[in-house]
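A.B. asks: Please read through the structure below; I'll follow up with questions.
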Amino acid sequence: MSAMVLLASRLPRLWVRVYTLGLDRAARAERCREIDSDTYEHIHDDSLGARLAVLDVIQSLVLGMPDDLRWRAHHISPTGNLVQSALAAAPVTALAAGITLHTTGNAIVTAVAAVCVELIVLAALLALSYMEATMRTTDDAGAESRRTPETWLTALSLLAFPALLLAAQTIIPFADGDDPIGDKAELTSRAAEHTTRWVAGYGVLAIAVLTAAFGVVSLAAMLRRRGAVKLGMLAPLLVLAGSLGVLLGIGVYGFAVAQAIDAGLDAERLIEGKGEIGTVVWWLGSITFAVGLLLVGTATWQARLFSGWMQGAVPAAFALEALAIGLLPGLGGAAWSTLPAPIIGFVAFGLVAWRLVRTPAAESQPVGSPAASFANG
Amino acid sequence: MRRKPGTLIPIEIAILSAALALLNRGEEEFHGYQLAREIKTANSDRFRMAAGTLYKALNRMEQSGLLSSRWEDPSSPDVEGRPPRRLYRLTADGEAAYKESTRVATDPSLQAGWQPL
């Protein structure tokens, strides 16, 4: 099978897994199986040549997308409620549009528009991850022993965040001294000297924020179903708002400074002006994110994710992580928090990830159900 | 646009027509891609039904009782080396609905808008 045929056969399979995110598991599995079978038959249709099969598969995929979205909307709102239908289709549409713009349009749009595209993709991913984590389940009988891909994905995202944070802190060429961003002249010269490292470091930081937001929002949704109703609602909203702020800060501060250096502009003045705006947005975002994190930690206690002394230790670790993130360099914080933030993150998120993977039971139990508690330890 | 209950839309007529053609050739059960190919052939290769459109319509038609479906047994020797197919079958209701729709289409007196004197 040629590479083109292989790629064409993957596209419908990828798309069906995107537009069925957050739907009833049984319906999702059935739709995926059906499209997988259709794609296989299509690719192996002897009456079409390989090249024609590729074009045919892509044409069939693209022309069917509006109906796929309508199918999704109908599945979520069988009564045809316009608002519910629009909400059901919006995240998938935004994700598809955002990725298309990201791959094709970022080269020709302005930096601000590019950041907006990233934000659209982030918002769509978060909305989908939230829907996925709170999806309705029809086959509850098998839920007790099932470790879903979402559980693994949430656990991996939580673990990836501190690792990426550590990588970003290592890559970004901060100024020496106790106040890594306080000395603007020193910082500008470091950024000018290591522009690639500067951009790469902030890129990794942006990915870390996206990963953390994905993991924490999914976790919050799971905890909400396990009993942490109020905190489970508020925490992901704060984390989402905080992530948007941090990403905007990275865009305005990190990437705009690099662009100015590339263009030979006075980066020091930019840091003083535009950079200040970025820092403020970033600082507000980080604080909001940290508060969201604190609430998620409390939600683990409320949902009885752990028992015994761990029940209090994990929220405490989350609180420390929230504090460390709030004091990270770049936010007016101190250099000492560079290492503790990833390390505490490893401990706090690692414990939760371990718990999720080890005991995925009762994920589909309704809130308030006795089986929803983890009191068994 | 909402349609009148009990009426078929063009895509459903095309699907039922293709299903009937397959049935007449001895294919009592058929999978989605086979149906799409049949519709394409019936339209002299000019019309290709998109996967999303087809499966959305099949889903709806099964819920209305015009078609029924079953999944192939994955352990069956026929399935070896390929994903199991979802096999559809034309129901008696589906056949009757198709015949009724063609009768209405060919009889001007039964078409919408006609009022008896």
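Numbering starts fresh at 1 for the residues of each chain in the structure tokens, the chains themselves are lettered A, B, ... in the order given, and ligands are numbered from 1 as they appear.
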Using only C-alpha atoms, find the residues of chain B whose closest atom to chain A is at most 8 Å away, then write them as number ranges by chain.
C.D. replies: B: 32-33, 48-53, 56, 82-86
A.B. asks: With N, CA and C atoms retained, write the just-selected residues as a compact mmCIF listing (two decimals), in the first residue's frame.
C.D. replies:
# COMPACT_ATOMS: atom_id res chain seq x y z
N GLY B 32 -22.58 -0.59 3.58
CA GLY B 32 -22.73 0.80 3.17
C GLY B 32 -21.97 1.15 1.90
N TYR B 33 -20.73 0.70 1.80
CA TYR B 33 -19.94 1.06 0.62
C TYR B 33 -20.53 0.43 -0.64
N ARG B 48 -21.56 10.80 -6.55
CA ARG B 48 -20.88 10.03 -5.51
C ARG B 48 -21.44 10.46 -4.16
N MET B 49 -22.03 9.51 -3.45
CA MET B 49 -22.62 9.88 -2.16
C MET B 49 -21.53 9.89 -1.08
N ALA B 50 -21.40 11.01 -0.39
CA ALA B 50 -20.38 11.14 0.65
C ALA B 50 -20.70 10.21 1.82
N ALA B 51 -19.62 9.72 2.45
CA ALA B 51 -19.80 8.75 3.54
C ALA B 51 -20.68 9.32 4.65
N GLY B 52 -20.42 10.57 5.05
CA GLY B 52 -21.18 11.17 6.14
C GLY B 52 -22.67 11.25 5.81
N THR B 53 -22.97 11.61 4.55
CA THR B 53 -24.36 11.73 4.10
C THR B 53 -25.03 10.36 4.10
N LYS B 56 -25.46 8.80 7.72
CA LYS B 56 -26.48 9.56 8.47
C LYS B 56 -27.87 9.12 8.00
N ARG B 82 -10.01 -8.35 7.36
CA ARG B 82 -10.65 -7.04 7.13
C ARG B 82 -11.60 -6.71 8.29
N PRO B 83 -11.95 -5.43 8.42
CA PRO B 83 -12.88 -5.09 9.52
C PRO B 83 -14.26 -5.69 9.26
N PRO B 84 -14.98 -6.08 10.32
CA PRO B 84 -16.33 -6.61 10.10
C PRO B 84 -17.25 -5.55 9.49
N ARG B 85 -18.16 -6.03 8.67
CA ARG B 85 -19.07 -5.09 7.99
C ARG B 85 -20.39 -5.00 8.74
N ARG B 86 -21.02 -3.85 8.61
CA ARG B 86 -22.40 -3.73 9.09
C ARG B 86 -23.29 -4.02 7.88
A.B. asks: Give me, as CSV, each residue of region 290-333 of chain A that comes within 10 Å of region 202-221 of chain A, together with its shortest interatomic pair and the distance in Å at one decimal, counting only C-alpha atoms, with rows ordered by chain and rising residue number.
C.D. replies:
residue,atom,partner,partner_atom,distance
A:Gly292,CA,A:Val216,CA,8.9
A:Leu293,CA,A:Val216,CA,7.6
A:Leu295,CA,A:Ala220,CA,9.1
A:Val296,CA,A:Ala220,CA,6.1
A:Gly297,CA,A:Ala220,CA,9.3
A:Ala299,CA,A:Ala220,CA,7.5
A:Thr300,CA,A:Ala220,CA,8.6
A.B. asks: Would you mind exporting N, CA and C atoms of the selected residues as a PDB file, in the first residue's frame?
C.D. replies:
ATOM      1  N   GLY A 292      -7.473  27.793  40.043  1.00  0.00           N
ATOM      2  CA  GLY A 292      -8.179  26.636  39.478  1.00  0.00           C
ATOM      3  C   GLY A 292      -7.538  25.334  39.933  1.00  0.00           C
ATOM      4  N   LEU A 293      -6.199  25.341  39.928  1.00  0.00           N
ATOM      5  CA  LEU A 293      -5.441  24.159  40.356  1.00  0.00           C
ATOM      6  C   LEU A 293      -5.713  23.839  41.829  1.00  0.00           C
ATOM      7  N   LEU A 295      -8.371  24.553  43.469  1.00  0.00           N
ATOM      8  CA  LEU A 295      -9.726  24.009  43.594  1.00  0.00           C
ATOM      9  C   LEU A 295      -9.785  22.555  43.129  1.00  0.00           C
ATOM     10  N   VAL A 296      -9.013  22.223  42.092  1.00  0.00           N
ATOM     11  CA  VAL A 296      -8.994  20.827  41.628  1.00  0.00           C
ATOM     12  C   VAL A 296      -8.422  19.939  42.728  1.00  0.00           C
ATOM     13  N   GLY A 297      -7.364  20.449  43.378  1.00  0.00           N
ATOM     14  CA  GLY A 297      -6.779  19.698  44.495  1.00  0.00           C
ATOM     15  C   GLY A 297      -7.812  19.465  45.594  1.00  0.00           C
ATOM     16  N   ALA A 299     -10.963  19.441  45.136  1.00  0.00           N
ATOM     17  CA  ALA A 299     -11.992  18.547  44.593  1.00  0.00           C
ATOM     18  C   ALA A 299     -11.592  17.077  44.739  1.00  0.00           C
ATOM     19  N   THR A 300     -10.272  16.782  44.725  1.00  0.00           N
ATOM     20  CA  THR A 300      -9.847  15.383  44.913  1.00  0.00           C
ATOM     21  C   THR A 300     -10.234  14.909  46.324  1.00  0.00           C
TER      22      THR A 300
END
A.B. asks: Between CA of Tyr88 (chain B) and CA of Leu66 (chain B), what is the spacing in Å?
C.D. replies: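 Between CA of Leu66 (chain B) and CA of Tyr88 (chain B) the gap works out to 10.2 Å.
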A.B. asks: Please give the complete set of residues from region 15-73 of chain B that DSSP, run on the backbone, assigns to alpha helix (DSSP H), formatted as a ChimeraX atom specification.
C.D. replies: /B:15-24,32-42,51-63
A.B. asks: Pick out the closest residue to His75 (chain A) from this set: A:Pro91, A:Gly249, A:Ala27, A:Val121. Count only C-alpha atoms.
C.D. replies: A:Ala27
A.B. asks: Using only C-alpha atoms, can you tell me which of A:Met310, A:Leu223, A:Leu234, A:Ser2 comes closest to Gly49 (chain A)?
C.D. replies: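 Selected residue with least distance to Gly49 (chain A): A:Ser2.
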A.B. asks: Expressed in Å to a single decimal, how great is the separation between CA of Gly345 (chain A) and CA of Ile250 (chain A)?
C.D. replies: 20.5 Å
A.B. asks: As a PyMOL selection string, which residues of region 21-102 of chain B does DSSP assign to strand (DSSP E)?
C.D. replies: chain B and resi 29-30+67-71+86-90
A.B. asks: If I take CA of Gly242 (chain A) and CA of Arg304 (chain A), how far is one from the other in Å, to one decimal?
C.D. replies: 25.7 Å
A.B. asks: For Gly245 (chain A), which of A:Thr288, A:Gln169, A:Ser77, A:Ser307 is the closest residue, counting only C-alpha atoms?
C.D. replies: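 Looking at the shortest contact to Gly245 (chain A), the residue is A:Thr288.
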A.B. asks: Could you name the residues that touch region 40-44 of chain B at 10 Å or less, counting only C-alpha atoms, but leaving out those on the same chain fewer than 6 positions away, as a PyMOL selection string?
C.D. replies: chain B and resi 14+17-18+21+34
A.B. asks: Can you write just those residues out, N, CA and C atoms, as a PDB file, in the first residue's frame?
C.D. replies:
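The resulting file, selection-v9.pdb, is shown below:
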ATOM      1  N   ALA B  14     -33.169   7.101  -3.297  1.00  0.00           N
ATOM      2  CA  ALA B  14     -31.985   6.556  -3.989  1.00  0.00           C
ATOM      3  C   ALA B  14     -31.457   5.330  -3.257  1.00  0.00           C
ATOM      4  N   SER B  17     -33.937   2.439  -3.693  1.00  0.00           N
ATOM      5  CA  SER B  17     -33.859   1.960  -5.081  1.00  0.00           C
ATOM      6  C   SER B  17     -32.626   1.069  -5.264  1.00  0.00           C
ATOM      7  N   ALA B  18     -31.493   1.516  -4.723  1.00  0.00           N
ATOM      8  CA  ALA B  18     -30.259   0.735  -4.832  1.00  0.00           C
ATOM      9  C   ALA B  18     -30.394  -0.584  -4.058  1.00  0.00           C
ATOM     10  N   ALA B  21     -32.448  -2.927  -6.077  1.00  0.00           N
ATOM     11  CA  ALA B  21     -31.676  -3.438  -7.216  1.00  0.00           C
ATOM     12  C   ALA B  21     -30.745  -4.558  -6.757  1.00  0.00           C
ATOM     13  N   GLN B  34     -21.036  -0.808  -0.480  1.00  0.00           N
ATOM     14  CA  GLN B  34     -21.653  -1.503  -1.614  1.00  0.00           C
ATOM     15  C   GLN B  34     -22.857  -0.687  -2.122  1.00  0.00           C
TER      16      GLN B  34
END
